[in-house]
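Presented below is the structure to which this report refers.
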Amino acid sequence: MERLKKEYDLGIRWKAFPLHPNTPAEGLPLEQLFKGHNKDIGMMLARLKQVARQEDLPFGDRTHTYNSRLAQELGKWAEDREKGDLFHDAAFKAYFVHGKNIAQIPVLVELAESIGLDGDEARNMLETRTFMNDVDEDWALSRSLGITAVPTFYLSGQHLVGAQPYEMMEQFLIQHSVKRKA
């Protein structure tokens, strides 16, 4: 995305998505999450690692999934403070590279502090659920648009779903007449 943002006139807005919203706070092993879904977890992770490697992105050996609801609320708070992109980058790295449990308030407070936000304010926001309604609205929007997976890139009523290589993303932008920067 960083390369595309440098080359194209993009206005990117993050939207929260209910990804496995019933996952308990302590998380679930990936095998348990996908049990009965006929998914090859090793193959799924290998594909994600391959795409990450092609785009020069770090990707760790993830074994669990964690409930991202509080992280999404913290993301909305960070966006409100002009630090949304920094927070999302830090959260993705914590989750996908280091396998941290982003459902835990201490982990989220640490992420907030790592991007220059006040940890006590972050903790208070999480404990009072200040941005709960904002996330609820995003979840409702995703349902109304028929979005069923993340990441999903949405332009002019069309979706591009899943982690995609640069060339596929660029083609999606070109098809929707997104202009290159001068």
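Please note that chains go A, B, ... in the order of the structure tokens, that every chain numbers its residues from 1, and that ligands are numbered from 1 in the order shown.
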
Who sits within 8 Å of His176 of chain A, only C-alpha atoms, same chain under 4 positions skipped, as an mmCIF file with C-alpha atoms, in the first residue's frame:
```cif
data_model
loop_
_atom_site.group_PDB
_atom_site.id
_atom_site.type_symbol
_atom_site.label_atom_id
_atom_site.label_comp_id
_atom_site.auth_asym_id
_atom_site.auth_seq_id
_atom_site.Cartn_x
_atom_site.Cartn_y
_atom_site.Cartn_z
ATOM 1 C CA LEU A 155 -13.693 1.338 -5.053
ATOM 2 C CA SER A 156 -16.743 2.459 -7.016
ATOM 3 C CA PHE A 172 -7.549 -2.452 -9.705
#
```

Worksheet item: Could you name the residues that touch segment 19-34 of chain A at 6 Å or less, counting only C-alpha atoms, but leaving out those on the same chain fewer than 4 positions away, as a VMD selection string?
Response: chain A and resid 63 to 67 103

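For Tyr8 of chain A, the list of residues within 8 Å, based on only C-alpha atoms and with local chain neighbours fewer than 5 positions off taken out, reads Val178, Lys179, Arg180 and Lys181 of chain A.
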
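If you look at atom CA of Phe59 of chain A and atom CA of Ser114 of chain A, they are 19.4 Å away from each other.
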
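With only C-alpha atoms as the atoms that count, the residue of A:Asp9, A:Asp40, A:Asp61, A:Asp120 with the shortest distance to Gly99 of chain A is A:Asp61.
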
Item to complete: Go ahead and compute the interatomic distance for atom CA of Lys39 of chain A and atom CA of Ala71 of chain A, in Å to one decimal.
Response: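 Rounded to one decimal, the two atoms are 26.2 Å apart.
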
Discussion item. Report as a count of residues only all protein, DNA and RNA residues lying within 10 Å of Tyr166 of chain A, evaluated on only C-alpha atoms, omitting residues in the same chain fewer than 2 positions from it.
Written reply: 13

Near segment 10-14 of chain A, 12 Å: segment 134-177 of chain A residue rows, closest pairs, only C-alpha atoms, as JSON lines:
```
{"residue": "A:Asp134", "atom": "CA", "partner": "A:Trp14", "partner_atom": "CA", "distance": 11.7}
{"residue": "A:Val135", "atom": "CA", "partner": "A:Trp14", "partner_atom": "CA", "distance": 10.8}
{"residue": "A:Asp138", "atom": "CA", "partner": "A:Trp14", "partner_atom": "CA", "distance": 9.3}
{"residue": "A:Trp139", "atom": "CA", "partner": "A:Trp14", "partner_atom": "CA", "distance": 11.8}
{"residue": "A:Ser142", "atom": "CA", "partner": "A:Trp14", "partner_atom": "CA", "distance": 11.5}
{"residue": "A:Val150", "atom": "CA", "partner": "A:Trp14", "partner_atom": "CA", "distance": 11.3}
{"residue": "A:Pro151", "atom": "CA", "partner": "A:Trp14", "partner_atom": "CA", "distance": 10.2}
{"residue": "A:Thr152", "atom": "CA", "partner": "A:Trp14", "partner_atom": "CA", "distance": 10.3}
{"residue": "A:Phe153", "atom": "CA", "partner": "A:Ile12", "partner_atom": "CA", "distance": 9.5}
{"residue": "A:Tyr154", "atom": "CA", "partner": "A:Ile12", "partner_atom": "CA", "distance": 9.9}
{"residue": "A:Leu155", "atom": "CA", "partner": "A:Ile12", "partner_atom": "CA", "distance": 10.3}
{"residue": "A:Glu170", "atom": "CA", "partner": "A:Leu10", "partner_atom": "CA", "distance": 11.5}
{"residue": "A:Leu173", "atom": "CA", "partner": "A:Leu10", "partner_atom": "CA", "distance": 9.1}
{"residue": "A:Ile174", "atom": "CA", "partner": "A:Leu10", "partner_atom": "CA", "distance": 11.8}
{"residue": "A:His176", "atom": "CA", "partner": "A:Leu10", "partner_atom": "CA", "distance": 11.6}
{"residue": "A:Ser177", "atom": "CA", "partner": "A:Leu10", "partner_atom": "CA", "distance": 11.1}
```

Discussion item. Restricting the calculation to only C-alpha atoms: of A:Lys35, A:Lys76, A:Lys5, A:Arg81, which residue gets closest to Asp118 of chain A?
Written reply: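 Among the listed residues, A:Arg81 lies closest to Asp118 of chain A.
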
Discussion item. Nearest residue to Gly162 of chain A out of A:Lys83, A:Arg69, A:Arg47, A:Arg123, using only C-alpha atoms?
Written reply: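 For Gly162 of chain A, the nearest of the candidates is A:Arg47.
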
Worksheet item: For Pro58 of chain A, which residue among A:Val109, A:His98, A:Glu121, A:Phe131 is the nearest when counting only C-alpha atoms?
Response: A:His98

Worksheet item: Could you write out, as number ranges by chain, all the residues of segment 12-111 of chain A that DSSP marks as alpha helix (DSSP H)?
Response: A: 30-33, 41-54, 69-80, 84-92, 105-111

For the residues selected in the previous step, produce a file with N, CA and C atoms as a tab-separated table (two decimals), in the first residue's frame.
```tsv
chain	number	residue	atom	x	y	z
A	30	LEU	N	-4.96	-21.48	15.50
A	30	LEU	CA	-5.52	-21.44	14.15
A	30	LEU	C	-6.20	-22.76	13.79
A	31	GLU	N	-5.64	-23.88	14.26
A	31	GLU	CA	-6.25	-25.19	13.98
A	31	GLU	C	-7.67	-25.26	14.54
A	32	GLN	N	-7.86	-24.71	15.72
A	32	GLN	CA	-9.20	-24.72	16.34
A	32	GLN	C	-10.14	-23.76	15.61
A	33	LEU	N	-9.63	-22.61	15.22
A	33	LEU	CA	-10.45	-21.62	14.51
A	33	LEU	C	-11.02	-22.20	13.22
A	41	ILE	N	-4.09	-24.89	6.78
A	41	ILE	CA	-3.53	-23.73	7.46
A	41	ILE	C	-2.10	-23.47	7.00
A	42	GLY	N	-1.33	-24.53	6.86
A	42	GLY	CA	0.05	-24.37	6.39
A	42	GLY	C	0.11	-23.71	5.03
A	43	MET	N	-0.78	-24.12	4.13
A	43	MET	CA	-0.82	-23.53	2.79
A	43	MET	C	-1.28	-22.07	2.84
A	44	MET	N	-2.27	-21.79	3.68
A	44	MET	CA	-2.75	-20.41	3.82
A	44	MET	C	-1.63	-19.50	4.31
A	45	LEU	N	-0.92	-19.94	5.34
A	45	LEU	CA	0.16	-19.13	5.90
A	45	LEU	C	1.31	-19.00	4.90
A	46	ALA	N	1.59	-20.06	4.16
A	46	ALA	CA	2.66	-20.00	3.16
A	46	ALA	C	2.32	-18.98	2.08
A	47	ARG	N	1.05	-18.93	1.65
A	47	ARG	CA	0.64	-17.94	0.65
A	47	ARG	C	0.79	-16.53	1.19
A	48	LEU	N	0.36	-16.31	2.43
A	48	LEU	CA	0.50	-14.99	3.04
A	48	LEU	C	1.96	-14.59	3.16
A	49	LYS	N	2.80	-15.54	3.55
A	49	LYS	CA	4.24	-15.25	3.66
A	49	LYS	C	4.82	-14.90	2.29
A	50	GLN	N	4.39	-15.62	1.26
A	50	GLN	CA	4.89	-15.37	-0.09
A	50	GLN	C	4.51	-13.96	-0.55
A	51	VAL	N	3.26	-13.58	-0.36
A	51	VAL	CA	2.83	-12.24	-0.75
A	51	VAL	C	3.60	-11.19	0.06
A	52	ALA	N	3.75	-11.43	1.35
A	52	ALA	CA	4.50	-10.49	2.20
A	52	ALA	C	5.94	-10.36	1.72
A	53	ARG	N	6.56	-11.48	1.41
A	53	ARG	CA	7.95	-11.46	0.93
A	53	ARG	C	8.06	-10.69	-0.39
A	54	GLN	N	7.11	-10.91	-1.31
A	54	GLN	CA	7.13	-10.21	-2.59
A	54	GLN	C	7.02	-8.70	-2.40
A	69	ARG	N	-11.38	-6.66	18.31
A	69	ARG	CA	-12.37	-5.61	18.56
A	69	ARG	C	-11.77	-4.40	19.29
A	70	LEU	N	-11.07	-4.60	20.40
A	70	LEU	CA	-10.50	-3.47	21.13
A	70	LEU	C	-9.42	-2.77	20.30
A	71	ALA	N	-8.67	-3.53	19.53
A	71	ALA	CA	-7.66	-2.91	18.66
A	71	ALA	C	-8.34	-2.02	17.62
A	72	GLN	N	-9.50	-2.44	17.13
A	72	GLN	CA	-10.22	-1.61	16.17
A	72	GLN	C	-10.70	-0.32	16.83
A	73	GLU	N	-11.17	-0.42	18.06
A	73	GLU	CA	-11.61	0.78	18.77
A	73	GLU	C	-10.42	1.71	19.02
A	74	LEU	N	-9.28	1.14	19.38
A	74	LEU	CA	-8.08	1.96	19.57
A	74	LEU	C	-7.64	2.58	18.25
A	75	GLY	N	-7.80	1.85	17.16
A	75	GLY	CA	-7.48	2.40	15.85
A	75	GLY	C	-8.32	3.61	15.51
A	76	LYS	N	-9.60	3.56	15.83
A	76	LYS	CA	-10.48	4.72	15.60
A	76	LYS	C	-10.02	5.91	16.44
A	77	TRP	N	-9.63	5.65	17.67
A	77	TRP	CA	-9.13	6.71	18.56
A	77	TRP	C	-7.84	7.30	17.99
A	78	ALA	N	-6.95	6.44	17.52
A	78	ALA	CA	-5.69	6.92	16.93
A	78	ALA	C	-5.96	7.74	15.67
A	79	GLU	N	-6.92	7.31	14.85
A	79	GLU	CA	-7.28	8.09	13.66
A	79	GLU	C	-7.78	9.47	14.06
A	80	ASP	N	-8.56	9.53	15.13
A	80	ASP	CA	-9.09	10.80	15.63
A	80	ASP	C	-7.96	11.74	16.05
A	84	GLY	N	-3.66	7.38	12.81
A	84	GLY	CA	-4.29	6.13	12.38
A	84	GLY	C	-3.37	5.22	11.61
A	85	ASP	N	-2.70	5.76	10.59
A	85	ASP	CA	-1.81	4.92	9.79
A	85	ASP	C	-0.69	4.34	10.64
A	86	LEU	N	-0.11	5.16	11.51
A	86	LEU	CA	0.95	4.67	12.39
A	86	LEU	C	0.43	3.55	13.30
A	87	PHE	N	-0.77	3.74	13.84
A	87	PHE	CA	-1.32	2.70	14.70
A	87	PHE	C	-1.58	1.42	13.93
A	88	HIS	N	-2.20	1.52	12.76
A	88	HIS	CA	-2.51	0.32	11.99
A	88	HIS	C	-1.23	-0.43	11.63
A	89	ASP	N	-0.19	0.29	11.25
A	89	ASP	CA	1.10	-0.35	10.95
A	89	ASP	C	1.64	-1.07	12.18
A	90	ALA	N	1.61	-0.39	13.32
A	90	ALA	CA	2.12	-0.99	14.56
A	90	ALA	C	1.29	-2.21	14.98
A	91	ALA	N	-0.03	-2.12	14.82
A	91	ALA	CA	-0.90	-3.24	15.20
A	91	ALA	C	-0.68	-4.45	14.29
A	92	PHE	N	-0.54	-4.20	12.98
A	92	PHE	CA	-0.29	-5.31	12.06
A	92	PHE	C	1.04	-5.99	12.39
A	105	ILE	N	-5.48	-5.28	26.84
A	105	ILE	CA	-5.32	-3.83	27.01
A	105	ILE	C	-3.86	-3.43	27.21
A	106	PRO	N	-3.06	-4.13	28.02
A	106	PRO	CA	-1.65	-3.72	28.15
A	106	PRO	C	-0.89	-3.73	26.83
A	107	VAL	N	-1.17	-4.70	25.97
A	107	VAL	CA	-0.53	-4.75	24.65
A	107	VAL	C	-0.95	-3.54	23.83
A	108	LEU	N	-2.23	-3.20	23.87
A	108	LEU	CA	-2.74	-2.07	23.10
A	108	LEU	C	-2.20	-0.74	23.63
A	109	VAL	N	-2.09	-0.61	24.93
A	109	VAL	CA	-1.53	0.61	25.52
A	109	VAL	C	-0.08	0.76	25.07
A	110	GLU	N	0.66	-0.34	25.07
A	110	GLU	CA	2.05	-0.31	24.60
A	110	GLU	C	2.13	0.13	23.14
A	111	LEU	N	1.22	-0.37	22.31
A	111	LEU	CA	1.18	0.04	20.90
A	111	LEU	C	0.90	1.53	20.78
```

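Backbone DSSP assigns strand (DSSP E or B) in segment 48-162 of chain A to His64, Thr65, Thr152, Phe153, Tyr154, Leu155, Gln158, His159, Leu160 and Val161 of chain A.
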
Selection to disk with N, CA and C atoms, as a JSON list (two decimals), in the first residue's frame:
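Saved result, result_35.json, follows:
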```
[["chain", "number", "residue", "atom", "x", "y", "z"],
["A", 64, "HIS", "N", -1.86, -18.38, 16.40],
["A", 64, "HIS", "CA", -3.14, -18.08, 17.03],
["A", 64, "HIS", "C", -3.83, -16.90, 16.34],
["A", 65, "THR", "N", -5.12, -16.84, 16.56],
["A", 65, "THR", "CA", -5.87, -15.65, 16.19],
["A", 65, "THR", "C", -6.38, -15.03, 17.49],
["A", 152, "THR", "N", -10.15, -6.09, 2.34],
["A", 152, "THR", "CA", -10.98, -5.84, 1.17],
["A", 152, "THR", "C", -10.76, -4.40, 0.76],
["A", 153, "PHE", "N", -10.46, -4.21, -0.49],
["A", 153, "PHE", "CA", -10.28, -2.87, -1.04],
["A", 153, "PHE", "C", -11.53, -2.57, -1.86],
["A", 154, "TYR", "N", -12.15, -1.43, -1.58],
["A", 154, "TYR", "CA", -13.46, -1.11, -2.15],
["A", 154, "TYR", "C", -13.36, 0.20, -2.90],
["A", 155, "LEU", "N", -13.71, 0.15, -4.20],
["A", 155, "LEU", "CA", -13.69, 1.34, -5.05],
["A", 155, "LEU", "C", -14.88, 1.28, -5.99],
["A", 158, "GLN", "N", -16.92, -1.82, -6.36],
["A", 158, "GLN", "CA", -16.20, -3.06, -6.66],
["A", 158, "GLN", "C", -15.26, -3.42, -5.52],
["A", 159, "HIS", "N", -15.08, -4.72, -5.30],
["A", 159, "HIS", "CA", -14.21, -5.22, -4.23],
["A", 159, "HIS", "C", -12.99, -5.92, -4.82],
["A", 160, "LEU", "N", -11.87, -5.78, -4.15],
["A", 160, "LEU", "CA", -10.70, -6.63, -4.38],
["A", 160, "LEU", "C", -10.39, -7.22, -3.01],
["A", 161, "VAL", "N", -10.46, -8.54, -2.93],
["A", 161, "VAL", "CA", -10.40, -9.21, -1.63],
["A", 161, "VAL", "C", -9.08, -9.95, -1.47]]
```
